[in-house]
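Just input_38.cif here, mmCIF, C-alpha atoms and all ligand atoms:
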data_run
#
loop_
_atom_site.group_PDB
_atom_site.id
_atom_site.type_symbol
_atom_site.label_atom_id
_atom_site.label_comp_id
_atom_site.auth_asym_id
_atom_site.auth_seq_id
_atom_site.Cartn_x
_atom_site.Cartn_y
_atom_site.Cartn_z
ATOM 1 C CA MET A 1 41.776 92.802 -34.006
ATOM 2 C CA GLY A 2 40.170 95.277 -31.665
ATOM 3 C CA GLU A 3 41.701 97.548 -29.122
ATOM 4 C CA SER A 4 40.422 98.622 -25.760
ATOM 5 C CA LYS A 5 41.639 101.596 -23.747
ATOM 6 C CA GLN A 6 40.638 102.102 -20.164
ATOM 7 C CA PHE A 7 39.931 105.656 -19.010
ATOM 8 C CA ARG A 8 39.470 106.753 -15.440
ATOM 9 C CA CYS A 9 38.474 110.036 -13.841
ATOM 10 C CA PRO A 10 41.107 111.008 -11.248
ATOM 11 C CA GLN A 11 38.579 113.116 -9.373
ATOM 12 C CA CYS A 12 35.437 110.979 -8.976
ATOM 13 C CA GLY A 13 36.538 107.508 -10.103
ATOM 14 C CA TYR A 14 34.142 107.199 -13.071
ATOM 15 C CA ASP A 15 35.622 104.826 -15.581
ATOM 16 C CA PHE A 16 34.950 104.011 -19.187
ATOM 17 C CA GLU A 17 36.313 101.482 -21.645
ATOM 18 C CA ALA A 18 36.975 102.804 -25.170
ATOM 19 C CA VAL A 19 36.581 99.785 -27.454
ATOM 20 C CA THR A 20 37.535 100.203 -31.107
ATOM 21 C CA GLY A 21 38.155 98.065 -34.197
ATOM 22 C CA VAL A 22 36.633 94.794 -35.376
ATOM 23 C CA GLY A 23 36.989 91.214 -34.168
ATOM 24 C CA PHE A 24 37.696 87.797 -35.662
ATOM 25 C CA ALA A 25 34.013 87.080 -36.271
ATOM 26 C CA PHE A 26 33.494 90.285 -38.269
ATOM 27 C CA PRO A 27 31.951 88.669 -41.431
ATOM 28 C CA GLN A 28 29.395 86.786 -39.328
ATOM 29 C CA GLU A 29 28.624 89.840 -37.233
ATOM 30 C CA TYR A 30 28.208 91.904 -40.388
ATOM 31 C CA ALA A 31 25.727 89.453 -41.924
ATOM 32 C CA GLU A 32 23.714 89.137 -38.706
ATOM 33 C CA THR A 33 23.534 92.887 -38.178
ATOM 34 C CA VAL A 34 22.391 93.575 -41.754
ATOM 35 C CA ALA A 35 19.717 90.863 -41.446
ATOM 36 C CA GLU A 36 18.498 92.381 -38.180
ATOM 37 C CA MET A 37 18.347 95.836 -39.745
ATOM 38 C CA LYS A 38 16.363 94.562 -42.734
ATOM 39 C CA HIS A 39 13.855 92.933 -40.412
ATOM 40 C CA GLY A 40 13.371 96.127 -38.447
ATOM 41 C CA GLY A 41 15.036 94.838 -35.271
ATOM 42 C CA LEU A 42 17.268 97.892 -35.169
ATOM 43 C CA GLY A 43 14.644 100.518 -35.887
ATOM 44 C CA GLU A 44 12.547 101.901 -38.719
ATOM 45 C CA GLU A 45 15.264 104.172 -40.098
ATOM 46 C CA ALA A 46 17.689 101.284 -40.678
ATOM 47 C CA LYS A 47 14.925 99.131 -42.177
ATOM 48 C CA ARG A 48 13.916 101.900 -44.586
ATOM 49 C CA PHE A 49 17.550 102.459 -45.527
ATOM 50 C CA PHE A 50 17.889 98.904 -46.861
ATOM 51 C CA GLU A 51 14.508 99.092 -48.610
ATOM 52 C CA GLU A 52 15.603 102.227 -50.439
ATOM 53 C CA HIS A 53 19.230 101.144 -50.877
ATOM 54 C CA PRO A 54 19.436 97.361 -51.376
ATOM 55 C CA ASP A 55 23.123 97.851 -52.261
ATOM 56 C CA GLY A 56 23.754 99.786 -49.056
ATOM 57 C CA ALA A 57 26.384 98.815 -46.507
ATOM 58 C CA ILE A 58 27.010 99.465 -42.832
ATOM 59 C CA SER A 59 29.981 99.978 -40.581
ATOM 60 C CA CYS A 60 30.310 97.241 -37.958
ATOM 61 C CA GLU A 61 33.393 98.791 -36.414
ATOM 62 C CA ASN A 62 33.356 99.562 -32.727
ATOM 63 C CA VAL A 63 33.531 103.273 -32.077
ATOM 64 C CA VAL A 64 33.402 105.579 -29.078
ATOM 65 C CA MET A 65 30.177 107.558 -28.930
ATOM 66 C CA LYS A 66 29.377 110.596 -26.818
ATOM 67 C CA CYS A 67 25.952 111.814 -25.721
ATOM 68 C CA GLU A 68 25.163 115.312 -26.960
ATOM 69 C CA SER A 69 22.959 115.974 -23.941
ATOM 70 C CA CYS A 70 24.676 114.563 -20.844
ATOM 71 C CA GLY A 71 28.218 113.900 -22.102
ATOM 72 C CA GLU A 72 28.176 110.170 -21.255
ATOM 73 C CA TYR A 73 30.542 107.964 -23.289
ATOM 74 C CA ASP A 74 29.794 104.509 -24.654
ATOM 75 C CA SER A 75 31.532 102.038 -26.982
ATOM 76 C CA ARG A 76 29.221 100.655 -29.655
ATOM 77 C CA GLU A 77 29.161 99.253 -33.142
ATOM 78 C CA SER A 78 28.940 102.301 -35.390
ATOM 79 C CA LEU A 79 26.101 100.954 -37.612
ATOM 80 C CA ALA A 80 26.542 104.051 -39.791
ATOM 81 C CA MET A 81 24.847 103.546 -43.174
ATOM 82 C CA TYR A 82 26.738 103.861 -46.458
ATOM 83 C CA VAL A 83 25.894 103.846 -50.170
ATOM 84 C CA PRO A 84 28.307 102.756 -52.916
ATOM 85 C CA LYS A 85 30.176 105.456 -54.814
ATOM 86 C CA GLU A 86 28.948 105.952 -58.375
ATOM 87 C CA GLY A 87 29.903 103.044 -60.610
ATOM 88 C CA PHE A 88 31.080 100.783 -57.784
ATOM 89 C CA VAL A 89 29.551 97.301 -57.618
ATOM 90 C CA HIS A 90 30.244 95.218 -54.523
ATOM 91 C CA ARG A 91 31.156 91.537 -54.957
ATOM 92 C CA VAL A 92 31.429 88.709 -52.455
ATOM 93 C CA PRO A 93 34.984 88.979 -51.077
ATOM 94 C CA GLU A 94 37.499 86.443 -52.373
ATOM 95 C CA GLY A 95 39.964 84.676 -50.114
ATOM 96 C CA MET A 96 40.034 84.624 -46.358
ATOM 97 C CA TRP A 97 38.958 87.163 -43.759
ATOM 98 C CA SER A 98 41.733 85.809 -41.535
ATOM 99 C CA VAL A 99 43.682 82.567 -41.164
ATOM 100 C CA VAL A 100 41.978 81.722 -37.877
ATOM 101 C CA ALA A 101 38.464 82.625 -39.053
ATOM 102 C CA PRO A 102 38.476 82.399 -42.861
ATOM 103 C CA PHE A 103 34.746 82.897 -43.580
ATOM 104 C CA GLU A 104 35.379 82.014 -47.227
ATOM 105 C CA GLY A 105 32.367 82.664 -49.419
ATOM 106 C CA SER A 106 30.729 84.946 -46.841
ATOM 107 C CA ASP A 107 29.384 88.231 -48.064
ATOM 108 C CA TYR A 108 30.403 91.336 -46.141
ATOM 109 C CA VAL A 109 31.806 94.805 -46.731
ATOM 110 C CA SER A 110 35.147 95.119 -44.954
ATOM 111 C CA PRO A 111 36.147 98.372 -43.234
ATOM 112 C CA ASP A 112 38.739 99.001 -45.989
ATOM 113 C CA GLU A 113 36.214 98.525 -48.795
ATOM 114 C CA LEU A 114 33.730 100.720 -46.963
ATOM 115 C CA GLU A 115 36.242 103.541 -46.697
ATOM 116 C CA ALA A 116 37.453 103.294 -50.294
ATOM 117 C CA CYS A 117 34.266 102.575 -52.248
ATOM 118 C CA TYR A 118 31.328 103.935 -50.230
ATOM 119 C CA ASP A 119 29.997 107.303 -49.093
ATOM 120 C CA LEU A 120 28.431 107.938 -45.718
ATOM 121 C CA TYR A 121 24.651 108.155 -46.066
ATOM 122 C CA ALA A 122 23.556 108.584 -42.447
ATOM 123 C CA GLU A 123 24.769 107.915 -38.937
ATOM 124 C CA TYR A 124 22.760 105.319 -37.042
ATOM 125 C CA PRO A 125 20.493 107.064 -34.482
ATOM 126 C CA HIS A 126 22.146 105.811 -31.276
ATOM 127 C CA LYS A 127 20.414 106.729 -28.027
ATOM 128 C CA CYS A 128 22.095 107.371 -24.701
ATOM 129 C CA GLU A 129 21.362 104.734 -22.031
ATOM 130 C CA ASN A 130 21.740 107.351 -19.344
ATOM 131 C CA CYS A 131 19.364 110.107 -20.544
ATOM 132 C CA GLY A 132 17.903 108.999 -23.897
ATOM 133 C CA GLY A 133 19.798 111.766 -25.714
ATOM 134 C CA LYS A 134 21.427 111.512 -29.092
ATOM 135 C CA MET A 135 24.839 109.791 -29.256
ATOM 136 C CA LYS A 136 27.422 110.885 -31.825
ATOM 137 C CA PRO A 137 30.844 109.451 -32.720
ATOM 138 C CA ALA A 138 33.284 111.077 -30.304
ATOM 139 C CA GLU A 139 36.253 110.959 -32.692
ATOM 140 C CA ILE A 140 38.781 110.969 -29.884
ATOM 141 C CA PHE A 141 41.470 108.967 -31.689
ATOM 142 C CA SER A 142 43.536 109.516 -34.789
ATOM 143 C CA VAL A 143 44.664 106.269 -36.400
ATOM 144 C CA ASP A 144 47.939 105.917 -38.348
ATOM 145 C CA ASP A 145 48.644 103.526 -41.253
ATOM 146 C CA LEU A 146 49.659 100.765 -38.846
ATOM 147 C CA GLY A 147 46.415 101.065 -36.952
ATOM 148 C CA ASN A 148 47.970 102.725 -33.893
ATOM 149 C CA GLU A 149 45.601 105.020 -32.085
ATOM 150 C CA THR A 150 46.569 108.344 -30.598
ATOM 151 C CA LEU A 151 44.246 110.339 -28.400
ATOM 152 C CA ILE A 152 43.570 113.639 -30.154
ATOM 153 C CA ARG A 153 41.287 115.276 -27.634
ATOM 154 C CA PRO A 154 40.877 114.835 -23.908
ATOM 155 C CA LEU A 155 37.961 112.849 -22.561
ATOM 156 C CA ILE A 156 35.976 114.928 -20.097
ATOM 157 C CA CYS A 157 34.300 113.115 -17.226
ATOM 158 C CA PRO A 158 30.510 113.399 -17.716
ATOM 159 C CA HIS A 159 29.963 113.352 -13.954
ATOM 160 C CA CYS A 160 32.398 115.936 -12.582
ATOM 161 C CA GLY A 161 33.995 117.653 -15.587
ATOM 162 C CA ALA A 162 37.595 116.617 -14.843
ATOM 163 C CA GLU A 163 39.919 115.431 -17.589
ATOM 164 C CA MET A 164 40.034 111.634 -17.659
ATOM 165 C CA GLU A 165 43.309 109.703 -17.552
ATOM 166 C CA GLU A 166 44.331 106.694 -19.616
ATOM 167 C CA ALA A 167 44.624 103.693 -17.347
ATOM 168 C CA GLY A 168 45.813 100.948 -19.684
ATOM 169 C CA THR A 169 45.338 99.360 -23.101
ATOM 170 C CA PHE A 170 44.610 95.780 -24.089
ATOM 171 C CA PHE A 171 43.758 93.935 -27.279
ATOM 172 C CA TRP A 172 40.648 91.823 -27.603
ATOM 173 C CA ASP A 173 40.039 88.630 -29.591
HETATM 174 ZN ZN ZN B 201 34.749 112.556 -12.678
HETATM 175 ZN ZN ZN B 202 22.946 111.158 -22.261
#
Reformat the file's structure so that it appears as structure tokens.
Amino acid sequence: MGESKQFRCPQCGYDFEAVTGVGFAFPQEYAETVAEMKHGGLGEEAKRFFEEHPDGAISCENVVMKCESCGEYDSRESLAMYVPKEGFVHRVPEGMWSVVAPFEGSDYVSPDELEACYDLYAEYPHKCENCGGKMKPAEIFSVDDLGNETLIRPLICPHCGAEMEEAGTFFWD
């Protein structure tokens, strides 16, 4: 289940929705995204990654990104590229993804498996929609064992520089 936190600038009214986590259709989304990357639909770098690392994996978790040039925030699928740790061989997951959306027999690398058995190879080269600059994970939340998110650094409004305020949380799908 994903979480969404609304942030609002008290000074100029700019608002931004911080979407994190994965949804019910994760296994399907994972498979579609990998296929698109392999076909070059998500850029040359991602295509080359899968040519050079057929056993590679990606993160399909939603993360908050921040533009290094203009400071704009955006919520996107991470798409960071990972390679298996030495000696690890991925297998098609057994059992259900969830009761509501079982996806039995689907092949995907879950966020837990990715964290435990893979090493980060490269971040996906996200571009800012506002200025074309380079987007990087903002790492604004710390997550505890229960999945609760706590804001660890203030979000600064990219338009006026004021500290943004949290204006509500909801859960999606
Ligand atoms: Zn502002
Ligand atoms: Zn930008």
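Every protein, DNA or RNA residue with an atom at most 10 Å from A:Met81, where only C-alpha atoms count and chain neighbours fewer than 6 positions away do not, is listed here: Ala46, Phe49, Phe50, His53, Gly56, Ala57, Ile58, Ser59, Cys60, Tyr118, Asp119, Leu120, Tyr121, Ala122, Glu123 and Tyr124 of chain A.
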For the residues in the current selection, export C-alpha atoms as a CSV table (one decimal), in the coordinates of the input.
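Printed below is again_30.csv as written:
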chain,number,residue,atom,x,y,z
A,46,ALA,CA,17.7,101.3,-40.7
A,49,PHE,CA,17.6,102.5,-45.5
A,50,PHE,CA,17.9,98.9,-46.9
A,53,HIS,CA,19.2,101.1,-50.9
A,56,GLY,CA,23.8,99.8,-49.1
A,57,ALA,CA,26.4,98.8,-46.5
A,58,ILE,CA,27.0,99.5,-42.8
A,59,SER,CA,30.0,100.0,-40.6
A,60,CYS,CA,30.3,97.2,-38.0
A,118,TYR,CA,31.3,103.9,-50.2
A,119,ASP,CA,30.0,107.3,-49.1
A,120,LEU,CA,28.4,107.9,-45.7
A,121,TYR,CA,24.7,108.2,-46.1
A,122,ALA,CA,23.6,108.6,-42.4
A,123,GLU,CA,24.8,107.9,-38.9
A,124,TYR,CA,22.8,105.3,-37.0
Return as a PyMOL selection string the residues of protein, DNA or RNA that approach ligand ZN 202 (chain B) to within 12 Å, with only C-alpha atoms and all ligand atoms taken into account.
chain A and resi 65-74+126-136+158-159
Given all atoms listed in the file, how would the per-residue table for chain A near ligand ZN 201 (chain B) read, listing every residue at most 10 Å away with its closest atom pair and distance in Å to one decimal, sorted by chain and number, as CSV?
residue,atom,partner,partner_atom,distance
A:Arg8,CA,B:ZN201,ZN,8.0
A:Cys9,CA,B:ZN201,ZN,4.6
A:Pro10,CA,B:ZN201,ZN,6.7
A:Gln11,CA,B:ZN201,ZN,5.1
A:Cys12,CA,B:ZN201,ZN,4.1
A:Gly13,CA,B:ZN201,ZN,5.9
A:Tyr14,CA,B:ZN201,ZN,5.4
A:Asp15,CA,B:ZN201,ZN,8.3
A:Ile156,CA,B:ZN201,ZN,7.9
A:Cys157,CA,B:ZN201,ZN,4.6
A:Pro158,CA,B:ZN201,ZN,6.6
A:His159,CA,B:ZN201,ZN,5.0
A:Cys160,CA,B:ZN201,ZN,4.1
A:Gly161,CA,B:ZN201,ZN,5.9
A:Ala162,CA,B:ZN201,ZN,5.4
A:Glu163,CA,B:ZN201,ZN,7.7
A:Met164,CA,B:ZN201,ZN,7.3
Close residues, A:Asp173 itself excluded, 10 Å, all atoms listed in the file, min 6 positions apart in chain, as JSON, numbers by chain
{"A": [1, 2, 3, 22, 23, 24, 25]}
With distances taken over all atoms listed in the file, which residue among A:Ser78, A:Asn62, A:Ser106, A:Ser4 lies nearest A:Pro27?
A:Ser106
Considering only C-alpha atoms, return as a ChimeraX atom specification whatever protein or nucleic-acid residues lie within 10 Å of A:Ser142, sequence-local ones (same chain, fewer than 5 positions apart) excluded.
/A:147-153
Quick one: which residues end up in the PyMOL selection byres (((chain A and resi 98) around 12) and not hetatm) for this structure, as a PyMOL selection string?
chain A and resi 1+23-27+94-97+99-104+110
Pick out the closest residue to A:Glu29 from this set: A:Tyr108, A:Phe171, A:Phe141, A:Phe88. Count all atoms listed in the file.
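With all atoms listed in the file as the atom set, the closest residue is A:Tyr108.
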As a check of understanding: the span from atom CA of A:Phe7 to atom CA of A:Asp144 is 20.9 Å
Measure the distance from atom CA of A:Val63 to atom CA of A:Glu45 in Å and round it to one decimal.
20.0 Å
Distance atom CA of A:Leu146-atom CA of A:Gly105, one decimal place?
27.2 Å
Between A:Ala80, A:Ile140, A:Val64, A:Val92, which has the minimum distance to A:Met37 (counting all atoms listed in the file)?
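Once distances to A:Met37 are computed over all atoms listed in the file, the minimum belongs to A:Ala80.
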From the options A:Glu44, A:Glu17, A:Asp107, A:Glu115, which residue's atoms come nearest to A:Lys5, counting all atoms listed in the file?
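Checking each candidate against A:Lys5, we get A:Glu17 as the closest.
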Which residue is closest to A:Trp172? Choose from A:Val19, A:Val34, A:Val143, A:Pro111 and count only C-alpha atoms.
A:Val19
Check the smallest atom-to-atom distance from each of A:Leu42, A:Asp112, A:Glu51, A:Cys117 to A:Val83 using all atoms listed in the file, then report the winner.
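Going through A:Leu42, A:Asp112, A:Glu51, A:Cys117 one by one, the smallest distance to A:Val83 is for A:Cys117.
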Could you extract stretch 5-22 of chain A of the given structure into a file holding N, CA and C atoms, as an mmCIF file, in the first residue's frame?
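Result saved to part_19.cif:
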data_model
loop_
_atom_site.group_PDB
_atom_site.id
_atom_site.type_symbol
_atom_site.label_atom_id
_atom_site.label_comp_id
_atom_site.auth_asym_id
_atom_site.auth_seq_id
_atom_site.Cartn_x
_atom_site.Cartn_y
_atom_site.Cartn_z
ATOM 1 N N LYS A 5 1.511 12.142 1.148
ATOM 2 C CA LYS A 5 1.490 13.267 2.088
ATOM 3 C C LYS A 5 1.425 14.557 1.292
ATOM 4 N N GLN A 6 0.507 15.401 1.703
ATOM 5 C CA GLN A 6 0.334 16.680 1.032
ATOM 6 C C GLN A 6 1.203 17.729 1.735
ATOM 7 N N PHE A 7 1.948 18.496 0.944
ATOM 8 C CA PHE A 7 2.734 19.589 1.518
ATOM 9 C C PHE A 7 2.308 20.898 0.877
ATOM 10 N N ARG A 8 2.308 21.946 1.682
ATOM 11 C CA ARG A 8 1.862 23.234 1.173
ATOM 12 C C ARG A 8 2.779 24.333 1.701
ATOM 13 N N CYS A 9 3.099 25.281 0.827
ATOM 14 C CA CYS A 9 3.915 26.413 1.257
ATOM 15 C C CYS A 9 3.012 27.461 1.901
ATOM 16 N N PRO A 10 3.287 27.826 3.163
ATOM 17 C CA PRO A 10 2.413 28.797 3.837
ATOM 18 C C PRO A 10 2.570 30.204 3.266
ATOM 19 N N GLN A 11 3.656 30.434 2.548
ATOM 20 C CA GLN A 11 3.924 31.781 2.058
ATOM 21 C C GLN A 11 3.338 32.049 0.666
ATOM 22 N N CYS A 12 3.555 31.097 -0.281
ATOM 23 C CA CYS A 12 3.113 31.379 -1.654
ATOM 24 C C CYS A 12 2.046 30.411 -2.150
ATOM 25 N N GLY A 13 1.723 29.373 -1.357
ATOM 26 C CA GLY A 13 0.630 28.489 -1.745
ATOM 27 C C GLY A 13 1.036 27.322 -2.633
ATOM 28 N N TYR A 14 2.302 27.240 -3.034
ATOM 29 C CA TYR A 14 2.765 26.103 -3.841
ATOM 30 C C TYR A 14 2.482 24.810 -3.087
ATOM 31 N N ASP A 15 1.922 23.834 -3.783
ATOM 32 C CA ASP A 15 1.739 22.570 -3.080
ATOM 33 C C ASP A 15 2.296 21.398 -3.858
ATOM 34 N N PHE A 16 2.526 20.321 -3.156
ATOM 35 C CA PHE A 16 3.233 19.177 -3.691
ATOM 36 C C PHE A 16 2.764 17.937 -2.944
ATOM 37 N N GLU A 17 2.562 16.857 -3.703
ATOM 38 C CA GLU A 17 2.097 15.620 -3.097
ATOM 39 C C GLU A 17 3.238 14.606 -3.071
ATOM 40 N N ALA A 18 3.664 14.217 -1.870
ATOM 41 C CA ALA A 18 4.761 13.249 -1.724
ATOM 42 C C ALA A 18 4.180 11.841 -1.708
ATOM 43 N N VAL A 19 4.295 11.143 -2.836
ATOM 44 C CA VAL A 19 3.747 9.793 -2.956
ATOM 45 C C VAL A 19 4.867 8.790 -2.751
ATOM 46 N N THR A 20 4.647 7.813 -1.856
ATOM 47 C CA THR A 20 5.676 6.808 -1.615
ATOM 48 C C THR A 20 5.052 5.420 -1.557
ATOM 49 N N GLY A 21 5.897 4.384 -1.659
ATOM 50 C CA GLY A 21 5.429 3.009 -1.525
ATOM 51 C C GLY A 21 5.078 2.370 -2.859
ATOM 52 N N VAL A 22 4.431 1.214 -2.782
ATOM 53 C CA VAL A 22 4.017 0.491 -3.991
ATOM 54 C C VAL A 22 2.542 0.135 -3.875
#
